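This is target29.cif (mmCIF, C-alpha atoms and all ligand atoms).
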data_work
loop_
_atom_site.label_atom_id
_atom_site.label_comp_id
_atom_site.auth_asym_id
_atom_site.auth_seq_id
_atom_site.Cartn_x
_atom_site.Cartn_y
_atom_site.Cartn_z
CA MET A 30 -13.06 18.03 -36.33
CA PRO A 31 -11.93 18.91 -32.80
CA GLU A 32 -8.96 21.26 -32.54
CA LEU A 33 -7.59 23.43 -29.72
CA PRO A 34 -10.85 25.27 -28.87
CA GLU A 35 -12.86 22.06 -28.67
CA ALA A 36 -10.18 20.30 -26.60
CA GLU A 37 -10.01 23.34 -24.32
CA THR A 38 -13.80 23.18 -23.92
CA LEU A 39 -13.51 19.54 -22.90
CA ALA A 40 -10.66 20.36 -20.49
CA LEU A 41 -12.71 23.16 -18.88
CA GLU A 42 -15.71 20.86 -18.47
CA LEU A 43 -13.64 18.07 -16.93
CA ARG A 44 -11.87 20.53 -14.63
CA ARG A 45 -15.24 21.80 -13.47
CA THR A 46 -16.73 18.37 -12.85
CA VAL A 47 -14.17 15.68 -12.03
CA VAL A 48 -11.23 17.19 -10.16
CA GLY A 49 -11.08 15.58 -6.69
CA LYS A 50 -13.20 12.63 -7.78
CA ARG A 51 -11.94 9.10 -8.07
CA ILE A 52 -12.18 6.98 -11.23
CA VAL A 53 -13.48 3.62 -9.99
CA GLU A 54 -14.32 1.89 -13.25
CA VAL A 55 -13.08 2.17 -16.83
CA ARG A 56 -14.92 0.79 -19.87
CA PHE A 57 -13.97 0.99 -23.53
CA ARG A 58 -14.94 -0.51 -26.85
CA GLU A 59 -11.78 -0.34 -28.95
CA PRO A 60 -8.68 -1.90 -27.39
CA LYS A 61 -6.69 -0.52 -30.34
CA ALA A 62 -7.33 2.99 -29.10
CA LEU A 63 -5.45 2.22 -25.88
CA ASN A 64 -1.65 2.30 -25.53
CA LEU A 65 -1.48 -0.58 -23.04
CA PRO A 66 -2.97 -4.08 -22.84
CA PRO A 67 -6.60 -3.60 -21.72
CA ASP A 68 -6.24 -5.15 -18.26
CA GLU A 69 -3.22 -3.05 -17.45
CA PHE A 70 -4.86 0.10 -18.82
CA VAL A 71 -8.01 -0.40 -16.74
CA GLN A 72 -5.95 -0.93 -13.62
CA LYS A 73 -3.71 2.09 -14.11
CA ALA A 74 -6.40 4.50 -15.23
CA LYS A 75 -8.20 4.26 -11.89
CA GLY A 76 -7.54 6.80 -9.19
CA ARG A 77 -8.29 10.28 -7.94
CA VAL A 78 -8.10 13.11 -10.50
CA GLU A 79 -5.84 15.88 -9.23
CA LYS A 80 -5.83 18.22 -12.19
CA VAL A 81 -6.84 18.52 -15.80
CA GLN A 82 -4.69 20.07 -18.49
CA ARG A 83 -4.96 20.46 -22.24
CA ARG A 84 -1.94 19.77 -24.40
CA ALA A 85 -2.45 20.68 -28.11
CA LYS A 86 -5.64 18.79 -29.07
CA ALA A 87 -5.50 16.29 -26.20
CA VAL A 88 -6.72 16.52 -22.60
CA ALA A 89 -4.75 14.96 -19.76
CA LEU A 90 -6.26 13.92 -16.42
CA PHE A 91 -3.46 13.82 -13.87
CA LEU A 92 -4.10 11.07 -11.36
CA GLU A 93 -3.03 10.81 -7.77
CA GLY A 94 0.14 8.77 -7.74
CA ASP A 95 2.22 8.93 -10.84
CA GLY A 96 0.30 8.78 -14.04
CA SER A 97 -1.95 10.74 -16.37
CA LEU A 98 -4.78 9.68 -18.61
CA TRP A 99 -4.68 11.33 -22.05
CA LEU A 100 -7.88 11.65 -24.05
CA HIS A 101 -8.09 12.67 -27.70
CA MET A 102 -11.40 13.17 -29.51
CA GLY A 103 -9.90 12.20 -32.88
CA LEU A 104 -11.79 13.44 -35.91
CA ARG A 105 -15.09 13.37 -34.07
CA SER A 106 -16.47 12.64 -30.60
CA ASP A 107 -19.59 13.27 -28.59
CA VAL A 108 -18.68 13.83 -24.96
CA GLY A 109 -20.81 14.05 -21.83
CA LYS A 110 -21.07 13.60 -18.10
CA VAL A 111 -24.15 11.82 -16.80
CA PRO A 112 -25.29 9.45 -14.05
CA ARG A 113 -23.51 6.14 -14.65
CA ASN A 114 -26.64 4.33 -15.79
CA GLU A 115 -27.29 6.91 -18.54
CA VAL A 116 -24.10 6.39 -20.53
CA PRO A 117 -24.85 5.68 -24.23
CA PRO A 118 -24.66 1.88 -24.65
CA LYS A 119 -21.99 1.99 -27.35
CA ALA A 120 -19.74 4.62 -25.79
CA PHE A 121 -16.13 4.47 -26.98
CA LEU A 122 -14.81 5.17 -23.47
CA THR A 123 -16.49 5.49 -20.07
CA LEU A 124 -14.91 6.65 -16.82
CA VAL A 125 -17.12 5.97 -13.81
CA PHE A 126 -16.49 8.16 -10.73
CA ASP A 127 -16.94 7.48 -7.04
CA ASP A 128 -19.96 9.79 -6.85
CA GLY A 129 -21.94 7.64 -9.30
CA SER A 130 -21.39 9.94 -12.28
CA ALA A 131 -19.66 8.95 -15.51
CA PHE A 132 -17.77 10.74 -18.25
CA TYR A 133 -18.10 9.24 -21.72
CA MET A 134 -16.81 9.70 -25.24
CA ASP A 135 -19.25 8.41 -27.85
CA LYS A 136 -19.24 8.09 -31.67
CA THR A 137 -15.52 8.62 -31.47
CA PHE A 138 -13.56 8.26 -34.70
CA MET A 139 -9.76 8.03 -34.59
CA GLY A 140 -9.65 9.14 -30.96
CA TYR A 141 -7.63 7.52 -28.21
CA ALA A 142 -7.19 7.02 -24.47
CA HIS A 143 -3.59 6.62 -23.34
CA PHE A 144 -2.10 6.08 -19.93
CA VAL A 145 1.18 7.98 -19.55
CA SER A 146 3.45 7.25 -16.59
CA LYS A 147 5.40 9.93 -14.76
CA GLU A 148 8.59 8.76 -16.49
CA GLU A 149 7.01 8.96 -19.95
CA LEU A 150 5.41 12.34 -19.35
CA PRO A 151 8.28 14.64 -20.45
CA VAL A 152 8.55 12.80 -23.78
CA ARG A 153 4.80 12.89 -24.36
CA TRP A 154 4.64 16.56 -23.39
CA ALA A 155 7.46 17.43 -25.80
CA GLU A 156 5.76 15.77 -28.77
CA SER A 157 3.64 18.89 -29.22
CA GLY A 158 5.10 22.24 -30.10
CA ILE A 159 4.38 25.57 -28.44
CA ASP A 160 0.79 26.22 -27.38
CA PRO A 161 -0.58 29.20 -29.33
CA LEU A 162 -2.41 30.43 -26.22
CA ASP A 163 0.75 30.32 -24.13
CA GLU A 164 2.26 33.68 -23.17
CA ALA A 165 5.50 32.61 -24.83
CA PHE A 166 3.75 32.54 -28.22
CA THR A 167 4.68 36.13 -29.05
CA PRO A 168 5.05 37.80 -32.48
CA GLY A 169 8.82 37.33 -32.08
CA LYS A 170 8.36 33.62 -31.41
CA LEU A 171 6.16 33.16 -34.47
CA LYS A 172 8.71 35.08 -36.54
CA GLU A 173 11.39 32.66 -35.37
CA ILE A 174 9.18 29.66 -36.23
CA VAL A 175 8.33 31.05 -39.68
CA ALA A 176 12.01 31.76 -40.38
CA SER A 177 12.94 28.17 -39.49
CA LYS A 178 10.81 26.71 -42.32
CA PRO A 179 11.36 29.10 -45.23
CA SER A 180 10.20 26.79 -48.03
CA GLN A 181 7.09 25.47 -46.27
CA ALA A 182 3.58 26.73 -47.03
CA ILE A 183 2.31 28.80 -44.12
CA LYS A 184 -0.85 26.68 -43.70
CA SER A 185 1.24 23.49 -43.44
CA LEU A 186 3.46 25.12 -40.84
CA LEU A 187 0.47 26.17 -38.72
CA MET A 188 -0.83 22.58 -38.82
CA ASP A 189 2.48 20.93 -37.89
CA GLN A 190 1.69 19.71 -34.36
CA SER A 191 5.35 19.25 -33.49
CA ILE A 192 5.93 22.98 -34.04
CA ILE A 193 2.66 24.60 -32.90
CA GLY A 194 0.25 22.38 -30.95
CA GLY A 195 -3.50 22.60 -31.45
CA ILE A 196 -4.24 24.23 -34.82
CA GLY A 197 -5.73 21.96 -37.52
CA ASN A 198 -7.38 22.21 -40.89
CA ILE A 199 -10.29 24.41 -39.80
CA TYR A 200 -8.67 27.01 -37.58
CA SER A 201 -5.64 27.38 -39.87
CA ASP A 202 -8.04 28.54 -42.62
CA GLU A 203 -9.76 30.86 -40.18
CA VAL A 204 -6.62 32.54 -38.83
CA LEU A 205 -5.07 32.98 -42.28
CA HIS A 206 -8.30 34.57 -43.45
CA ALA A 207 -8.36 36.91 -40.46
CA ALA A 208 -4.74 37.88 -41.18
CA GLY A 209 -5.37 38.29 -44.92
CA ILE A 210 -2.71 35.75 -45.91
CA TYR A 211 -2.95 33.25 -48.78
CA PRO A 212 -2.52 29.72 -47.27
CA ALA A 213 -0.12 28.34 -49.92
CA ARG A 214 2.41 31.15 -49.54
CA LYS A 215 5.89 30.08 -48.60
CA CYS A 216 6.98 31.18 -45.13
CA SER A 217 9.97 33.04 -46.60
CA THR A 218 7.63 35.46 -48.42
CA LEU A 219 5.87 36.70 -45.27
CA SER A 220 6.75 40.20 -44.10
CA ASP A 221 7.29 41.07 -40.44
CA GLU A 222 4.01 42.94 -40.53
CA GLU A 223 2.17 39.87 -41.84
CA VAL A 224 3.70 37.63 -39.17
CA LYS A 225 2.55 40.10 -36.51
CA ARG A 226 -0.95 40.12 -37.99
CA LEU A 227 -0.96 36.33 -38.07
CA GLN A 228 0.10 36.00 -34.44
CA ARG A 229 -2.67 38.40 -33.43
CA ALA A 230 -5.23 36.55 -35.56
CA ILE A 231 -4.24 33.19 -34.04
CA ARG A 232 -4.70 34.53 -30.52
CA GLU A 233 -7.95 36.31 -31.30
CA ILE A 234 -9.65 33.53 -33.25
CA LEU A 235 -8.66 30.75 -30.84
CA THR A 236 -9.58 32.78 -27.76
CA SER A 237 -12.91 33.72 -29.27
CA ALA A 238 -13.61 30.09 -30.24
CA VAL A 239 -12.72 28.91 -26.71
CA ASP A 240 -15.04 31.56 -25.24
CA GLN A 241 -17.84 30.24 -27.45
CA GLY A 242 -17.29 26.60 -26.50
CA GLY A 243 -15.73 25.64 -29.85
CA GLY A 244 -17.46 25.00 -33.16
CA PRO A 245 -20.95 23.67 -33.88
CA GLU A 246 -19.96 20.01 -33.66
CA MET A 247 -18.90 20.43 -30.03
CA ARG A 248 -21.29 20.14 -27.10
CA ASP A 249 -20.37 20.82 -23.50
CA PHE A 250 -21.62 18.64 -20.64
CA ARG A 251 -24.79 20.71 -20.32
CA GLY A 252 -25.60 20.07 -23.96
CA LYS A 253 -24.75 23.58 -25.12
CA VAL A 254 -23.57 23.61 -28.73
CA GLY A 255 -20.35 25.44 -29.59
CA GLY A 256 -21.06 28.92 -30.97
CA TYR A 257 -17.99 29.55 -33.15
CA LYS A 258 -18.97 30.03 -36.78
CA GLU A 259 -16.34 29.54 -39.47
CA ALA A 260 -15.90 32.57 -41.71
CA VAL A 261 -14.39 30.64 -44.64
CA HIS A 262 -13.72 26.99 -43.82
CA GLY A 263 -16.27 24.76 -45.54
CA ARG A 264 -18.10 27.75 -47.01
CA GLU A 265 -18.85 29.01 -50.52
CA VAL A 266 -19.37 32.59 -49.41
CA CYS A 267 -17.32 34.38 -46.76
CA LEU A 268 -19.38 35.05 -43.65
CA GLU A 269 -17.47 38.24 -42.97
CA HIS A 270 -16.99 39.77 -46.43
CA ASP A 271 -19.90 38.22 -48.32
CA SER A 272 -17.47 37.40 -51.15
CA PRO A 273 -16.83 34.06 -52.92
CA VAL A 274 -14.71 31.45 -51.13
CA LYS A 275 -12.55 29.13 -53.24
CA LYS A 276 -11.27 25.72 -52.20
CA ILE A 277 -7.65 25.38 -53.28
CA SER A 278 -5.17 22.46 -53.19
CA PHE A 279 -1.42 22.53 -52.70
CA GLY A 280 1.16 20.01 -51.50
CA GLY A 281 -1.46 17.44 -50.50
CA ARG A 282 -3.52 19.97 -48.53
CA THR A 283 -6.68 21.90 -49.18
CA ALA A 284 -7.65 25.33 -47.92
CA TYR A 285 -10.58 27.70 -48.16
CA VAL A 286 -9.69 31.16 -49.39
CA CYS A 287 -11.74 34.36 -49.37
CA GLU A 288 -11.35 36.23 -52.66
CA LYS A 289 -11.72 39.58 -50.98
CA ALA A 290 -9.45 39.15 -47.95
CA GLN A 291 -6.84 36.79 -49.40
CA GLY A 292 -7.06 37.28 -53.18
ZN ZN B 1 -13.54 37.02 -46.13
#

Take the structure in this file and express it as structure tokens.
Amino acid sequence: MPELPEAETLALELRRTVVGKRIVEVRFREPKALNLPPDEFVQKAKGRVEKVQRRAKAVALFLEGDGSLWLHMGLRSDVGKVPRNEVPPKAFLTLVFDDGSAFYMDKTFMGYAHFVSKEELPVRWAESGIDPLDEAFTPGKLKEIVASKPSQAIKSLLMDQSIIGGIGNIYSDEVLHAAGIYPARKCSTLSDEEVKRLQRAIREILTSAVDQGGGPEMRDFRGKVGGYKEAVHGREVCLEHDSPVKKISFGGRTAYVCEKAQG
């Protein structure tokens, strides 16, 4: 399931390959995944790409003129950049560029492609909370966030996209494991020291996952598979401590917990 590191990998790949190029053709398979009527979307999504930015788990292509094209890989997506005649026939979305290349998203589940006008941008931008890789995400900032939701479970807080943008089910388990914190604990029970450890773990795990091109379900445009290996999420034995991992449930969520580090 793509989260911040996978979206960042996609953003880096698009920045490397499409900035300065013009989108001349747009194809898609699921009109429901667009935020505008298809004809209007296709018209507006054409243009020269000026910059690429990630916001939480989405990637925005800023187009010459006044709009941006927001792409979200949903729960799953294969992405690639190939000559236009090599796009997989059932691709969810295809952007054809003026140099004959094409970017595609394939096998996409629950993803979307939205066109956001200049006027709508501030609202769209503000829908996501602070980026955990932003300099402003300091231990003090996390302490403030944790203090604002005293009765919430820490894992739920980390996954609330309106508060912190980009962390989902997988990386929340990973950062809580690295910080040695039980996922169902209420925010009010965390000590200052634990909040500091958590902030550090968030930065370290996400940075490391970005450096490795995300997790194993992610492939960059050269076909390289993401190298990040989960320590606890989806496992029965902790990769780091070689101790049993339990799957727990609380408040409609599940989490993987290492008996040694978070017992
Ligand atoms: Zn462990």

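Taking CA of Phe279 (chain A) as the reference point, CA of Ser237 (chain A) is found at 28.4 Å.
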
At most 12 Å from ligand ZN 1 (chain B) (all atoms listed in the file): residue list as a PyMOL selection string: chain A and resi 202-211+259-262+264-275+285-292

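For the choices A:Asn64, A:Asp249, A:Gly169, A:Gly197, the atom-to-atom distance to Tyr133 (chain A) is smallest for A:Asp249 when using all atoms listed in the file.
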
Interatomic distance (Å, one decimal) between CA of Val239 (chain A) and CA of Glu37 (chain A):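 Separating CA of Val239 (chain A) from CA of Glu37 (chain A) is a distance of 6.6 Å.
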
Point-to-point distance in Å for CA of Met188 (chain A) and CA of Gly280 (chain A):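 Between CA of Gly280 (chain A) and CA of Met188 (chain A) the gap is 13.1 Å.
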
Radius query 9 Å about (-0.6, 15.3, -14.9), atoms used: all atoms listed in the file, as a PyMOL selection string: chain A and resi 78-82+89-93+95-98+145+147+150

Local residues around (-21.7, 30.8, -34.4), at most 10 Å away, using all atoms listed in the file, as a ChimeraX atom specification: /A:238,241-245,254-260

Of the listed residues A:Leu227, A:Leu219, A:Ala131, A:Met139, that which approaches Val53 (chain A) most closely, counting all atoms listed in the file: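 The answer is A:Ala131, which sits nearest to Val53 (chain A).
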
Missing atoms in region 69-80 of chain A: fill them in up to all heavy atoms and send the result as a CSV table (one decimal), in the frame of the given file.
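Saved the output as selection_5.csv:
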chain,number,residue,atom,x,y,z
A,69,GLU,N,-4.2,-4.0,-18.1
A,69,GLU,CA,-3.2,-3.0,-17.4
A,69,GLU,C,-3.7,-1.6,-17.5
A,69,GLU,O,-3.6,-0.9,-16.5
A,69,GLU,CB,-1.9,-3.2,-18.2
A,69,GLU,CG,-0.7,-2.5,-17.5
A,69,GLU,CD,0.6,-2.6,-18.3
A,69,GLU,OE1,0.6,-3.4,-19.3
A,69,GLU,OE2,1.5,-1.8,-18.0
A,70,PHE,N,-4.3,-1.3,-18.7
A,70,PHE,CA,-4.9,0.1,-18.8
A,70,PHE,C,-5.9,0.4,-17.8
A,70,PHE,O,-5.9,1.4,-17.1
A,70,PHE,CB,-5.4,0.3,-20.2
A,70,PHE,CG,-6.0,1.6,-20.5
A,70,PHE,CD1,-5.2,2.7,-20.8
A,70,PHE,CD2,-7.4,1.9,-20.3
A,70,PHE,CE1,-5.7,4.0,-21.0
A,70,PHE,CE2,-7.9,3.1,-20.5
A,70,PHE,CZ,-7.1,4.2,-20.8
A,71,VAL,N,-6.9,-0.6,-17.7
A,71,VAL,CA,-8.0,-0.4,-16.7
A,71,VAL,C,-7.5,-0.2,-15.3
A,71,VAL,O,-8.0,0.6,-14.5
A,71,VAL,CB,-9.0,-1.6,-16.9
A,71,VAL,CG1,-9.9,-1.7,-15.7
A,71,VAL,CG2,-9.7,-1.5,-18.2
A,72,GLN,N,-6.5,-1.0,-15.0
A,72,GLN,CA,-6.0,-0.9,-13.6
A,72,GLN,C,-5.3,0.4,-13.4
A,72,GLN,O,-5.5,1.1,-12.3
A,72,GLN,CB,-4.9,-2.1,-13.5
A,72,GLN,CG,-4.8,-2.6,-12.0
A,72,GLN,CD,-6.2,-2.8,-11.4
A,72,GLN,OE1,-7.1,-3.4,-12.0
A,72,GLN,NE2,-6.3,-2.3,-10.2
A,73,LYS,N,-4.5,0.9,-14.3
A,73,LYS,CA,-3.7,2.1,-14.1
A,73,LYS,C,-4.5,3.4,-14.2
A,73,LYS,O,-4.2,4.4,-13.6
A,73,LYS,CB,-2.6,2.2,-15.1
A,73,LYS,CG,-1.5,1.1,-14.8
A,73,LYS,CD,-0.2,1.3,-15.6
A,73,LYS,CE,0.9,0.5,-14.9
A,73,LYS,NZ,2.0,0.3,-15.8
A,74,ALA,N,-5.6,3.3,-15.0
A,74,ALA,CA,-6.4,4.5,-15.2
A,74,ALA,C,-7.3,4.8,-14.1
A,74,ALA,O,-8.1,5.8,-14.1
A,74,ALA,CB,-7.2,4.4,-16.5
A,75,LYS,N,-7.4,4.0,-13.1
A,75,LYS,CA,-8.2,4.3,-11.9
A,75,LYS,C,-7.4,5.1,-10.9
A,75,LYS,O,-6.2,5.0,-10.8
A,75,LYS,CB,-8.6,2.9,-11.2
A,75,LYS,CG,-9.6,2.1,-12.0
A,75,LYS,CD,-9.9,0.9,-11.2
A,75,LYS,CE,-10.7,-0.1,-12.0
A,75,LYS,NZ,-10.8,-1.4,-11.4
A,76,GLY,N,-8.2,6.0,-10.2
A,76,GLY,CA,-7.5,6.8,-9.2
A,76,GLY,C,-8.2,8.2,-9.1
A,76,GLY,O,-9.1,8.5,-9.9
A,77,ARG,N,-7.7,9.0,-8.2
A,77,ARG,CA,-8.3,10.3,-7.9
A,77,ARG,C,-7.7,11.3,-8.9
A,77,ARG,O,-6.5,11.3,-9.1
A,77,ARG,CB,-8.0,10.7,-6.5
A,77,ARG,CG,-8.6,11.9,-6.0
A,77,ARG,CD,-8.3,12.1,-4.5
A,77,ARG,NE,-8.7,13.5,-4.1
A,77,ARG,CZ,-7.9,14.5,-4.3
A,77,ARG,NH1,-6.7,14.4,-4.8
A,77,ARG,NH2,-8.3,15.7,-3.9
A,78,VAL,N,-8.6,12.1,-9.5
A,78,VAL,CA,-8.1,13.1,-10.5
A,78,VAL,C,-7.6,14.3,-9.7
A,78,VAL,O,-8.4,15.0,-9.0
A,78,VAL,CB,-9.2,13.5,-11.5
A,78,VAL,CG1,-8.7,14.6,-12.5
A,78,VAL,CG2,-9.7,12.3,-12.2
A,79,GLU,N,-6.4,14.7,-9.9
A,79,GLU,CA,-5.8,15.9,-9.2
A,79,GLU,C,-5.9,17.2,-10.0
A,79,GLU,O,-6.1,18.2,-9.5
A,79,GLU,CB,-4.4,15.6,-8.8
A,79,GLU,CG,-4.3,14.5,-7.8
A,79,GLU,CD,-3.1,14.5,-7.0
A,79,GLU,OE1,-2.0,14.6,-7.7
A,79,GLU,OE2,-3.1,14.3,-5.8
A,80,LYS,N,-5.7,17.0,-11.3
A,80,LYS,CA,-5.8,18.2,-12.2
A,80,LYS,C,-6.1,17.8,-13.6
A,80,LYS,O,-5.8,16.7,-14.0
A,80,LYS,CB,-4.6,19.2,-12.1
A,80,LYS,CG,-3.3,18.6,-12.6
A,80,LYS,CD,-2.2,19.6,-12.5
A,80,LYS,CE,-0.9,19.0,-13.0
A,80,LYS,NZ,0.2,19.8,-13.1
